[in-house]
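I have placed the structure first, in the form of structure tokens, so that the comments after it can refer back to it.
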Amino acid sequence: MVSLLDIIGPVMVGPSSSHTAGACRIGLFARGLLGAQPEKAKVELHGSFARTGVGHGTDRAIAGGLLGFQPDDERLRESLAHAEKAGLKIEFSNVKLRGDHHPNTTRITVEGKGDSAVLVGSSLGAGRILITSLNGFPVEITGGYPTVVFVAHDEPGVVARVAHLFAQEKDNIATMRVARRGRGGDAIHIYELDEAPSRAAVEAIRAMPAARMVRAIDRVA
Amino acid sequence: MYDSLGDLVARAEREGISLGELGFRIEAEQGPRTRDEVVASLQRALDVMRGAIERGHKGDLRSVSGLVGGDAAKLRSPKGPLKNTVFTDVLAGALAVQEVNAAMGVIVAAPTAGGAGVLPGVLLGIGGRENLPDDELVRGLACAGLVGAVVAIRASLSGAEGGCQAETGAAAGMAAAAGVEILGGTPAQAAHAVALTMQGTLGLICDPLGGLVEVPCVYRNATGGAMALAGIEMALAGVEFPIPVDEVIDTMGEIGRNMDVRFRETAGGGLAQTPTGKKLAKDRLVQLKSRRS
């Protein structure tokens, strides 16, 4: 459903809704996935991001996102200096990712607080993004909702339990997806919610015996 | 909701309201935002647009690559036959916003960042000359958004899909409707203004030097504003374009789908591939790369 406000907006730092605003949102999602301020990041730029990214500030936009800056934050322009001050070391490189990818794609690996995470995200135009891979699992996340990423041992009853925990706290699930690399290993669950999840639900999910990792990521788009 | 501008005009006439007012009604009907929330968002957009024009008029900005900047300020002291009219205000406003955009300043994508100068240039150019209050300008934004939504559904708003006719061309059509709206024209006149404007931008290719939103994008926002003024002036005088506006929009989409990929934001053709275009892009990109490493 198209809204007027999709057309008159977003308010953003220029110059490109795809190469700047969208890139910032992918950086924000990577920060959310790590669940902490990253200390180190490896940013690999693919396709048009590699070819024209520097001139569009794609590198600064992603760095800004990693620092938690929104697409309309004027600090994006100087985000590489802000990153240095914040103790965030970022290494940029141009790559050709294997497989089929949108021309505006980046793979971001973040490290911090003894943890690490990696995602592949594409900027589809007009600031819209799609995260296509999280820690090696294939996913499809738009960042348009508060998102809970949950990695758990693949066994019966996990989805039902999570749904129950959300229901108990009256957190409404808008969409959900489960994917796995193979049977009996780990599965990734993506829950997109109408509102940010309650802390109690997230903590209860984290306490499940099957749980490997859980993150509640703010809406980025 | 937004699949036909012709249908929207008919509904606005039935309900005795303007297209901008209809935009507010439709948003409130389809949710999730209330009318007040939509008005507040558009007021913020208007404030950001105004701020960008002011910022750009100072004339001290350079784009990330250094290729553009400082031209909006030149239009503050125009010399030509239309000096000190709404025409030069529109050119200056459109250039200003686009220079701010190219320098990584804050703008409103309307409908995109690459076409973000046209609508504020036209809306605030006319609003300033006519001393119009903000609530009327916000209604103009709603009217522009409604037109843009129809273009998004029927054709495209992406230079990579449809060339520049889908970015500054669509923005000019949106701005033309907004101009008619705030000057008190009828919904039918607004639709004719869109058709009269967009027939003039059909076929416009997207050929940015080095793939950057700088040259010719900055200047094309100014000429897009001029095209919108032409559409507004003709429509308010009672000129009616013989082809219905929805068919003009469909034509833009069809041309875009058939446009060679070299002319769709890839820098593979047009001005980007002129000898000077190639040289400027190469020089600037080399400089940028060395700055990062």
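Chain labels run A, B, ... following the order of the structure tokens; each chain numbers its residues from 1, and ligands are numbered from 1 in the order shown.
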
Residues of chain A no more than 9 Å from chain B, counting only C-alpha atoms: send them over as a tab-separated table (two decimals) with C-alpha atoms, in the first residue's frame.
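Output below, filename out.tsv:
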chain	number	residue	atom	x	y	z
A	1	MET	CA	0.00	0.00	0.00
A	2	VAL	CA	1.48	3.30	-1.08
A	3	SER	CA	1.26	6.30	1.25
A	4	LEU	CA	1.80	9.97	0.47
A	5	LEU	CA	4.55	9.89	3.03
A	6	ASP	CA	6.49	7.28	1.04
A	7	ILE	CA	6.58	9.84	-1.76
A	8	ILE	CA	7.24	13.02	0.27
A	9	GLY	CA	10.07	11.56	2.30
A	10	PRO	CA	12.17	10.31	3.89
A	11	VAL	CA	13.98	13.26	5.40
A	12	MET	CA	17.56	12.24	4.81
A	13	VAL	CA	21.16	13.26	4.37
A	14	GLY	CA	21.97	13.27	0.64
A	15	PRO	CA	22.91	12.57	-1.99
A	16	SER	CA	21.19	9.27	-2.79
A	17	SER	CA	18.24	7.48	-1.19
A	18	SER	CA	19.69	4.14	-2.22
A	20	THR	CA	23.20	6.91	1.31
A	48	SER	CA	27.25	-0.11	-7.71
A	51	ARG	CA	31.71	1.62	-8.17
A	52	THR	CA	30.06	4.84	-7.00
A	53	GLY	CA	29.83	4.36	-3.25
A	54	VAL	CA	32.57	6.77	-2.25
A	55	GLY	CA	31.08	9.62	-4.27
A	56	HIS	CA	27.68	8.94	-2.74
A	57	GLY	CA	29.02	8.74	0.80
A	72	ASP	CA	18.68	12.17	8.62
A	73	ASP	CA	21.55	12.72	11.08
A	74	GLU	CA	23.95	15.41	9.78
A	76	LEU	CA	26.78	11.13	8.70
A	77	ARG	CA	28.97	13.49	6.69
A	125	GLY	CA	15.96	2.23	-3.96
A	126	ALA	CA	14.03	5.05	-2.26
A	127	GLY	CA	15.75	4.08	1.01

Those in segment 49-156 of chain A with helix (DSSP H, G or I) from DSSP, as a list in words: Phe49, Ala50, Arg51, Thr52, Thr58, Asp59, Arg60, Ala61, Ile62, Ala63, Gly64, Gly65, Leu66, Glu74, Arg75, Leu76, Arg77, Glu78, Ser79, Leu80, Ala81, His82, Ala83, Glu84 and Lys85 of chain A

What would the file look like if the residues just selected were written as a compact mmCIF listing (two decimals), in the first residue's frame with C-alpha atoms?
# COMPACT_ATOMS: atom_id res chain seq x y z
CA PHE A 49 28.09 0.35 -4.02
CA ALA A 50 31.70 -0.45 -4.96
CA ARG A 51 31.71 1.62 -8.17
CA THR A 52 30.06 4.84 -7.00
CA THR A 58 28.03 5.07 1.04
CA ASP A 59 31.06 4.38 3.22
CA ARG A 60 30.20 7.26 5.58
CA ALA A 61 26.53 6.27 5.63
CA ILE A 62 27.31 2.69 6.65
CA ALA A 63 29.82 3.91 9.25
CA GLY A 64 27.15 6.27 10.60
CA GLY A 65 24.64 3.44 10.80
CA LEU A 66 27.16 1.33 12.72
CA GLU A 74 23.95 15.41 9.78
CA ARG A 75 26.82 13.67 11.57
CA LEU A 76 26.78 11.13 8.70
CA ARG A 77 28.97 13.49 6.69
CA GLU A 78 31.76 13.24 9.27
CA SER A 79 30.98 9.75 10.49
CA LEU A 80 34.43 8.32 9.67
CA ALA A 81 35.95 10.80 12.12
CA HIS A 82 33.22 10.00 14.67
CA ALA A 83 34.00 6.30 14.27
CA GLU A 84 37.64 6.87 15.00
CA LYS A 85 36.76 8.87 18.12

query: Quick one: DSSP strand (DSSP E or B) residues in segment 85-244 of chain B, as an MDAnalysis selection string?
result: chainID B and resid 106:108 206

Include N, CA and C atoms and write out the residues we just selected as a tab-separated table (two decimals), in the first residue's frame.
chain	number	residue	atom	x	y	z
B	106	VAL	N	20.94	17.77	4.70
B	106	VAL	CA	19.64	17.13	4.94
B	106	VAL	C	18.59	17.68	3.97
B	107	ILE	N	17.92	16.78	3.29
B	107	ILE	CA	16.87	17.12	2.32
B	107	ILE	C	15.68	16.18	2.52
B	108	VAL	N	14.62	16.43	1.79
B	108	VAL	CA	13.49	15.49	1.76
B	108	VAL	C	13.49	14.82	0.39
B	206	CYS	N	18.64	9.37	-17.79
B	206	CYS	CA	19.40	9.55	-16.55
B	206	CYS	C	20.86	9.24	-16.87

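When atom CA of Arg128 of chain A is paired with atom CA of Lys96 of chain A, their separation reads 21.9 Å.
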
field: Shell of 9 Å around Pro103 of chain A, only C-alpha atoms, local chain residues under 5 positions omitted, as a ChimeraX atom specification
entry: /A:46-49,122-124

Residues just named, written with N, CA and C atoms as an mmCIF file, in the first residue's frame:
data_model
loop_
_atom_site.group_PDB
_atom_site.id
_atom_site.type_symbol
_atom_site.label_atom_id
_atom_site.label_comp_id
_atom_site.auth_asym_id
_atom_site.auth_seq_id
_atom_site.Cartn_x
_atom_site.Cartn_y
_atom_site.Cartn_z
ATOM 1 N N HIS A 46 29.739 -4.135 -2.847
ATOM 2 C CA HIS A 46 29.549 -4.922 -4.070
ATOM 3 C C HIS A 46 28.808 -4.093 -5.114
ATOM 4 N N GLY A 47 29.116 -4.325 -6.380
ATOM 5 C CA GLY A 47 28.353 -3.731 -7.484
ATOM 6 C C GLY A 47 28.446 -2.218 -7.509
ATOM 7 N N SER A 48 27.290 -1.566 -7.611
ATOM 8 C CA SER A 48 27.251 -0.114 -7.705
ATOM 9 C C SER A 48 27.737 0.530 -6.403
ATOM 10 N N PHE A 49 27.545 -0.155 -5.289
ATOM 11 C CA PHE A 49 28.091 0.348 -4.018
ATOM 12 C C PHE A 49 29.620 0.472 -4.126
ATOM 13 N N SER A 122 20.984 -5.390 0.960
ATOM 14 C CA SER A 122 20.886 -4.662 -0.308
ATOM 15 C C SER A 122 20.009 -3.439 -0.120
ATOM 16 N N SER A 123 20.341 -2.396 -0.864
ATOM 17 C CA SER A 123 19.550 -1.175 -0.859
ATOM 18 C C SER A 123 18.768 -1.139 -2.155
ATOM 19 N N LEU A 124 17.437 -1.201 -2.038
ATOM 20 C CA LEU A 124 16.600 -1.452 -3.218
ATOM 21 C C LEU A 124 16.154 -0.192 -3.937
#

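When the distance limit is 10 Å and only C-alpha atoms are what count, the residues near Ile131 of chain A, minus those fewer than 5 positions from it on the same chain, are Ile26, Phe29, Ala30, Thr105, Thr106, Arg107, Leu119, Val120, Gly121, Ser122, Ser123, Pro138, Val139, Glu140, Ile141, Thr142 and Gly143 of chain A.
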
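The two atoms in question, atom CA of Ser4 of chain B and atom CA of Ala195 of chain B, are spaced 13.1 Å apart.
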
message: Taking 3 positions as the minimum chain separation for residues in the same chain, which residues sit within 12 Å of Asn172 of chain A when counting only C-alpha atoms? Answer as a PyMOL selection string.
response: chain A and resi 145-148+162-169+175-176+191-198+201

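The two atoms in question, atom CA of His153 of chain A and atom CA of Leu130 of chain A, are spaced 25.3 Å apart.
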
task: Please provide as a list in words all residues within 9 Å of Glu136 of chain B, with the sequence filter that same-chain residues fewer than 6 positions apart are discarded (counting only C-alpha atoms).
output: Gly127, Glu181 and Ile182 of chain B

Store the residues picked out above, limited to C-alpha atoms, as a PDB file, in the first residue's frame.
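Once everything was written out, this is part.pdb:
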ATOM      1  CA  GLY B 127       4.536  30.427  -1.661  1.00  0.00           C
ATOM      2  CA  GLU B 181      -3.390  23.488  -5.673  1.00  0.00           C
ATOM      3  CA  ILE B 182      -1.901  26.351  -3.661  1.00  0.00           C
TER       4      ILE B 182
END

Would you list the contacts of Pro208 of chain B as a PDB file with C-alpha atoms, in the first residue's frame, taking every protein, DNA or RNA residue within 7 Å and counting only C-alpha atoms, but skipping same-chain residues closer than 6 positions in sequence?
ATOM      1  CA  GLU B 214      25.654  15.793  -9.274  1.00  0.00           C
ATOM      2  CA  VAL B 215      25.970  16.551 -13.011  1.00  0.00           C
ATOM      3  CA  PRO B 216      23.529  17.010 -14.658  1.00  0.00           C
ATOM      4  CA  CYS B 217      21.138  16.220 -11.760  1.00  0.00           C
ATOM      5  CA  GLU B 265      21.561   5.726 -14.060  1.00  0.00           C
ATOM      6  CA  ALA B 267      26.639   6.370 -16.463  1.00  0.00           C
ATOM      7  CA  ALA B 272      28.274  10.788 -18.719  1.00  0.00           C
TER       8      ALA B 272
END
